[in-house]
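Undergrad: Please find start-v3.cif (mmCIF, C-alpha atoms) on the next line:
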data_input
#
loop_
_atom_site.group_PDB
_atom_site.id
_atom_site.type_symbol
_atom_site.label_atom_id
_atom_site.label_comp_id
_atom_site.auth_asym_id
_atom_site.auth_seq_id
_atom_site.Cartn_x
_atom_site.Cartn_y
_atom_site.Cartn_z
ATOM 1 C CA MET A 18 18.270 -22.290 21.490
ATOM 2 C CA PRO A 19 20.101 -18.957 20.992
ATOM 3 C CA ALA A 20 23.886 -19.218 20.827
ATOM 4 C CA SER A 21 24.210 -16.875 23.820
ATOM 5 C CA TRP A 22 22.537 -19.494 26.061
ATOM 6 C CA GLU A 23 25.121 -22.051 25.054
ATOM 7 C CA LEU A 24 27.963 -19.646 25.817
ATOM 8 C CA GLN A 25 26.749 -19.210 29.373
ATOM 9 C CA ASP A 26 27.655 -22.818 30.109
ATOM 10 C CA ALA A 27 31.005 -22.817 28.288
ATOM 11 C CA ALA A 28 34.014 -22.275 30.543
ATOM 12 C CA ALA A 29 37.262 -20.621 29.536
ATOM 13 C CA CYS A 30 40.410 -21.943 31.158
ATOM 14 C CA ASN A 31 43.804 -20.642 32.183
ATOM 15 C CA CYS A 32 46.930 -22.454 31.047
ATOM 16 C CA ILE A 33 49.890 -21.610 33.240
ATOM 17 C CA ILE A 34 53.626 -21.915 32.751
ATOM 18 C CA LEU A 35 54.497 -25.114 34.599
ATOM 19 C CA GLY A 36 57.312 -25.513 37.062
ATOM 20 C CA ILE A 37 59.719 -28.410 37.316
ATOM 21 C CA TYR A 38 57.783 -30.071 40.148
ATOM 22 C CA TRP A 39 54.425 -28.337 39.792
ATOM 23 C CA ARG A 40 52.259 -29.647 36.935
ATOM 24 C CA PRO A 41 48.597 -28.786 37.593
ATOM 25 C CA THR A 42 45.881 -29.926 35.190
ATOM 26 C CA SER A 43 43.044 -27.679 36.376
ATOM 27 C CA PHE A 44 42.270 -26.737 32.759
ATOM 28 C CA TYR A 45 41.550 -30.350 31.795
ATOM 29 C CA PRO A 46 38.041 -30.793 33.303
ATOM 30 C CA LYS A 47 36.872 -27.534 31.718
ATOM 31 C CA ILE A 48 38.014 -28.574 28.256
ATOM 32 C CA LYS A 49 36.509 -32.034 28.761
ATOM 33 C CA TYR A 50 33.175 -30.539 29.897
ATOM 34 C CA ASN A 51 33.011 -28.103 26.989
ATOM 35 C CA ARG A 52 33.882 -30.704 24.363
ATOM 36 C CA ALA A 53 31.341 -33.168 25.825
ATOM 37 C CA GLY A 54 28.735 -30.438 25.326
ATOM 38 C CA GLY A 55 29.926 -29.694 21.779
ATOM 39 C CA MET A 56 31.444 -26.344 22.793
ATOM 40 C CA HIS A 57 34.778 -24.688 22.102
ATOM 41 C CA THR A 58 37.152 -23.715 24.920
ATOM 42 C CA LEU A 59 39.130 -20.488 25.023
ATOM 43 C CA CYS A 60 42.477 -21.090 26.719
ATOM 44 C CA LEU A 61 44.009 -17.944 28.189
ATOM 45 C CA LEU A 62 47.768 -18.375 28.202
ATOM 46 C CA ASP A 63 49.964 -17.396 31.123
ATOM 47 C CA ILE A 64 51.800 -14.096 31.395
ATOM 48 C CA LYS A 65 54.521 -13.743 34.021
ATOM 49 C CA VAL A 66 55.551 -10.118 34.511
ATOM 50 C CA LYS A 67 57.098 -8.504 37.572
ATOM 51 C CA GLU A 68 57.754 -11.940 39.020
ATOM 52 C CA PRO A 69 60.062 -11.663 42.061
ATOM 53 C CA ASP A 70 63.554 -13.121 41.905
ATOM 54 C CA PHE A 71 63.592 -15.217 45.079
ATOM 55 C CA ASN A 72 67.381 -15.683 44.990
ATOM 56 C CA ALA A 73 67.828 -11.903 45.050
ATOM 57 C CA MET A 74 65.238 -11.593 47.831
ATOM 58 C CA MET A 75 67.266 -14.004 49.995
ATOM 59 C CA ARG A 76 70.190 -11.564 49.613
ATOM 60 C CA GLY A 77 67.964 -8.627 50.620
ATOM 61 C CA GLN A 78 67.621 -7.264 47.075
ATOM 62 C CA THR A 79 64.445 -6.412 45.247
ATOM 63 C CA LYS A 80 64.751 -7.720 41.707
ATOM 64 C CA PHE A 81 62.311 -9.074 39.186
ATOM 65 C CA LEU A 82 62.738 -11.797 36.607
ATOM 66 C CA PRO A 83 62.391 -10.940 32.899
ATOM 67 C CA PRO A 84 58.816 -11.191 31.584
ATOM 68 C CA ARG A 85 57.724 -14.584 30.240
ATOM 69 C CA TYR A 86 54.773 -15.278 27.959
ATOM 70 C CA MET A 87 53.342 -18.707 27.225
ATOM 71 C CA SER A 88 53.241 -19.647 23.546
ATOM 72 C CA VAL A 89 50.575 -21.654 21.737
ATOM 73 C CA ASN A 90 53.199 -24.367 21.233
ATOM 74 C CA THR A 91 53.929 -24.658 24.955
ATOM 75 C CA CYS A 92 50.224 -24.701 25.771
ATOM 76 C CA VAL A 93 49.556 -27.517 23.302
ATOM 77 C CA GLU A 94 52.499 -29.502 24.709
ATOM 78 C CA GLN A 95 51.020 -29.159 28.209
ATOM 79 C CA LEU A 96 47.519 -30.110 27.069
ATOM 80 C CA LEU A 97 48.868 -33.237 25.395
ATOM 81 C CA GLU A 98 50.920 -34.089 28.490
ATOM 82 C CA ALA A 99 47.768 -33.777 30.628
ATOM 83 C CA GLU A 100 45.810 -36.068 28.283
ATOM 84 C CA GLU A 101 48.635 -38.600 28.349
ATOM 85 C CA THR A 102 48.652 -38.524 32.151
ATOM 86 C CA LEU A 103 44.894 -38.478 32.824
ATOM 87 C CA LYS A 104 43.790 -40.610 29.858
ATOM 88 C CA GLU A 105 40.142 -39.473 30.020
ATOM 89 C CA GLY A 106 39.748 -38.825 26.287
ATOM 90 C CA ALA A 107 38.994 -35.105 26.516
ATOM 91 C CA TYR A 108 40.932 -34.514 23.277
ATOM 92 C CA SER A 109 43.681 -36.067 21.171
ATOM 93 C CA ARG A 110 46.692 -35.085 19.095
ATOM 94 C CA ARG A 111 44.272 -34.815 16.128
ATOM 95 C CA SER A 112 41.779 -32.498 17.879
ATOM 96 C CA LEU A 113 41.166 -29.263 15.995
ATOM 97 C CA CYS A 114 42.467 -26.080 17.613
ATOM 98 C CA VAL A 115 42.976 -22.472 16.613
ATOM 99 C CA GLY A 116 46.168 -20.751 17.724
ATOM 100 C CA MET A 117 46.169 -16.959 17.756
ATOM 101 C CA ALA A 118 48.793 -14.321 18.395
ATOM 102 C CA ARG A 119 48.639 -10.529 18.620
ATOM 103 C CA LEU A 120 44.940 -10.347 17.722
ATOM 104 C CA GLY A 121 43.888 -6.962 16.383
ATOM 105 C CA ARG A 122 47.382 -5.918 15.345
ATOM 106 C CA PRO A 123 48.505 -5.681 11.722
ATOM 107 C CA ASP A 124 50.859 -8.635 12.272
ATOM 108 C CA GLN A 125 48.259 -10.881 13.925
ATOM 109 C CA CYS A 126 48.591 -14.606 13.339
ATOM 110 C CA ILE A 127 45.701 -17.093 13.267
ATOM 111 C CA ILE A 128 46.407 -20.744 12.431
ATOM 112 C CA ALA A 129 43.936 -23.626 12.683
ATOM 113 C CA GLY A 130 44.960 -27.263 12.710
ATOM 114 C CA ALA A 131 45.334 -30.439 14.705
ATOM 115 C CA MET A 132 47.154 -30.091 18.010
ATOM 116 C CA GLU A 133 50.114 -32.068 16.694
ATOM 117 C CA ASP A 134 50.379 -29.735 13.682
ATOM 118 C CA LEU A 135 50.236 -26.562 15.790
ATOM 119 C CA LEU A 136 53.286 -27.773 17.720
ATOM 120 C CA LYS A 137 55.371 -27.092 14.593
ATOM 121 C CA GLU A 138 53.969 -23.634 13.775
ATOM 122 C CA ASP A 139 55.715 -20.323 14.517
ATOM 123 C CA PHE A 140 53.239 -17.877 16.023
ATOM 124 C CA GLY A 141 55.853 -15.181 16.581
ATOM 125 C CA GLU A 142 55.815 -12.621 19.357
ATOM 126 C CA PRO A 143 53.293 -12.680 22.228
ATOM 127 C CA LEU A 144 50.508 -12.422 23.278
ATOM 128 C CA HIS A 145 49.048 -15.826 22.346
ATOM 129 C CA SER A 146 45.689 -17.567 22.879
ATOM 130 C CA LEU A 147 44.337 -20.985 21.961
ATOM 131 C CA VAL A 148 40.854 -22.279 21.227
ATOM 132 C CA VAL A 149 40.253 -26.014 21.582
ATOM 133 C CA CYS A 150 37.364 -26.642 19.203
ATOM 134 C CA GLY A 151 34.371 -28.754 20.096
ATOM 135 C CA PRO A 152 34.193 -32.166 18.426
ATOM 136 C CA ASP A 153 31.464 -31.160 15.942
ATOM 137 C CA THR A 154 32.764 -27.988 14.348
ATOM 138 C CA HIS A 155 30.290 -26.466 11.893
ATOM 139 C CA ASP A 156 31.269 -26.170 8.201
ATOM 140 C CA LEU A 157 31.100 -22.346 8.393
ATOM 141 C CA GLU A 158 33.585 -22.395 11.269
ATOM 142 C CA LEU A 159 35.922 -24.639 9.285
ATOM 143 C CA GLU A 160 36.039 -22.114 6.430
#
Can the structure in the file be given as structure tokens, please?
TA:
Amino acid sequence: MPASWELQDAAACNCIILGIYWRPTSFYPKIKYNRAGGMHTLCLLDIKVKEPDFNAMMRGQTKFLPPRYMSVNTCVEQLLEAEETLKEGAYSRRSLCVGMARLGRPDQCIIAGAMEDLLKEDFGEPLHSLVVCGPDTHDLELE
């Protein structure tokens, strides 16, 4: 089967910056589905720009909050929190991932490792992305 056929079934997911009371796990079934099929999952990390300042709006002012960009570290924390909550075995702290930042720029950063190891890495400035690898990563991919 050509690799392009396999990619048609793989689903990317969005990982959003969570609120205090709002903790969705909509990314979880996509990662679980992809890993069950031996596929990788590209996680697109949240970008919050030109977000309205609701406190200023209540005073009749139009203001925006400073831009916020999700980091690989925050994304991994949220993925692990979702696994701890849902307990469906989609991945574990030892699951292989690839964290990326500023792809295509001279200062790009690409680090592969277990989720728990990526929590400790410094990926630097945004923009960041994460790939959750399928359970059977090929030797060429590991290199």
Undergrad: Would you write out, as a list in words, every residue that the PyMOL selection byres ((chain A and resi 132) around 10) captures in this file?
TA: Val89, Asn90, Cys92, Val93, Glu94, Leu96, Leu97, Tyr108, Ser109, Arg110, Arg111, Ser112, Leu113, Cys114, Val115, Gly116, Ala129, Gly130, Ala131, Glu133, Asp134, Leu135, Leu136, Lys137 and Val149 of chain A
Undergrad: I'd like the neighbourhood of Thr79 of chain A as number ranges by chain, where a residue qualifies if any of its atoms comes within 12 Å (using all atoms listed in the file), though same-chain residues fewer than 5 positions away should be ignored.
TA: A: 67-74
Undergrad: Excluding same-chain residues fewer than 6 positions from Asn31 of chain A, what lies within 8 Å of it counting all atoms listed in the file, as a PDB file with C-alpha atoms, keeping the file's coordinate frame?
TA:
ATOM      1  CA  PHE A  44      42.270 -26.737  32.759  1.00  0.00           C
ATOM      2  CA  CYS A  60      42.477 -21.090  26.719  1.00  0.00           C
ATOM      3  CA  LEU A  61      44.009 -17.944  28.189  1.00  0.00           C
ATOM      4  CA  LEU A  62      47.768 -18.375  28.202  1.00  0.00           C
ATOM      5  CA  ASP A  63      49.964 -17.396  31.123  1.00  0.00           C
TER       6      ASP A  63
END
Undergrad: Give me, please, the distance in Å between atom CA of Ser146 of chain A and atom CA of Ile33 of chain A, quoted to one decimal.
TA: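 So the two atoms, atom CA of Ser146 of chain A and atom CA of Ile33 of chain A, lie 11.9 Å apart.
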Undergrad: Hey, what comes out of the PyMOL selection byres ((chain A and resi 85) around 7) on this file? Could you write it as a list in words?
TA: Ile64, Lys65, Val66, Pro83, Pro84, Tyr86 and Met87 of chain A
Undergrad: Give me the residues within 12 Å of Arg122 of chain A as a PyMOL selection string, counting all atoms listed in the file and dropping any in the same chain fewer than 3 places off.
TA: chain A and resi 117-119+125-127+142-144
Undergrad: Fewer than 6 positions away in the same chain doesn't count, so skip those; otherwise give me all residues within 8 Å of Tyr45 of chain A, counting all atoms listed in the file, as a ChimeraX atom specification.
TA: /A:96,99-100,107
Undergrad: So that all listed atoms of segment 146-157 of chain A fit with 8 Å spare on each side, what axis-aligned box centre and edge lengths in Å, to one decimal, would you give as JSON?
TA:
{"center_x": 38.0, "center_y": -24.9, "center_z": 15.5, "size_x": 31.4, "size_y": 30.6, "size_z": 30.7}
Undergrad: Just the number, please: distance in Å from atom CA of Thr154 of chain A to atom CA of Ala28 of chain A, one decimal.
TA: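 Interatomic distance here is 17.2 Å.
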Undergrad: Interatomic distance between atom CA of Ala53 of chain A and atom CA of Glu105 of chain A?
TA: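 Separation between atom CA of Ala53 of chain A and atom CA of Glu105 of chain A: 11.6 Å.
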Undergrad: Out of A:Gly54, A:Gly36, A:Gly121, A:Pro46, which residue has the shortest atom-to-atom distance to Lys104 of chain A when counting only C-alpha atoms?
TA: A:Pro46
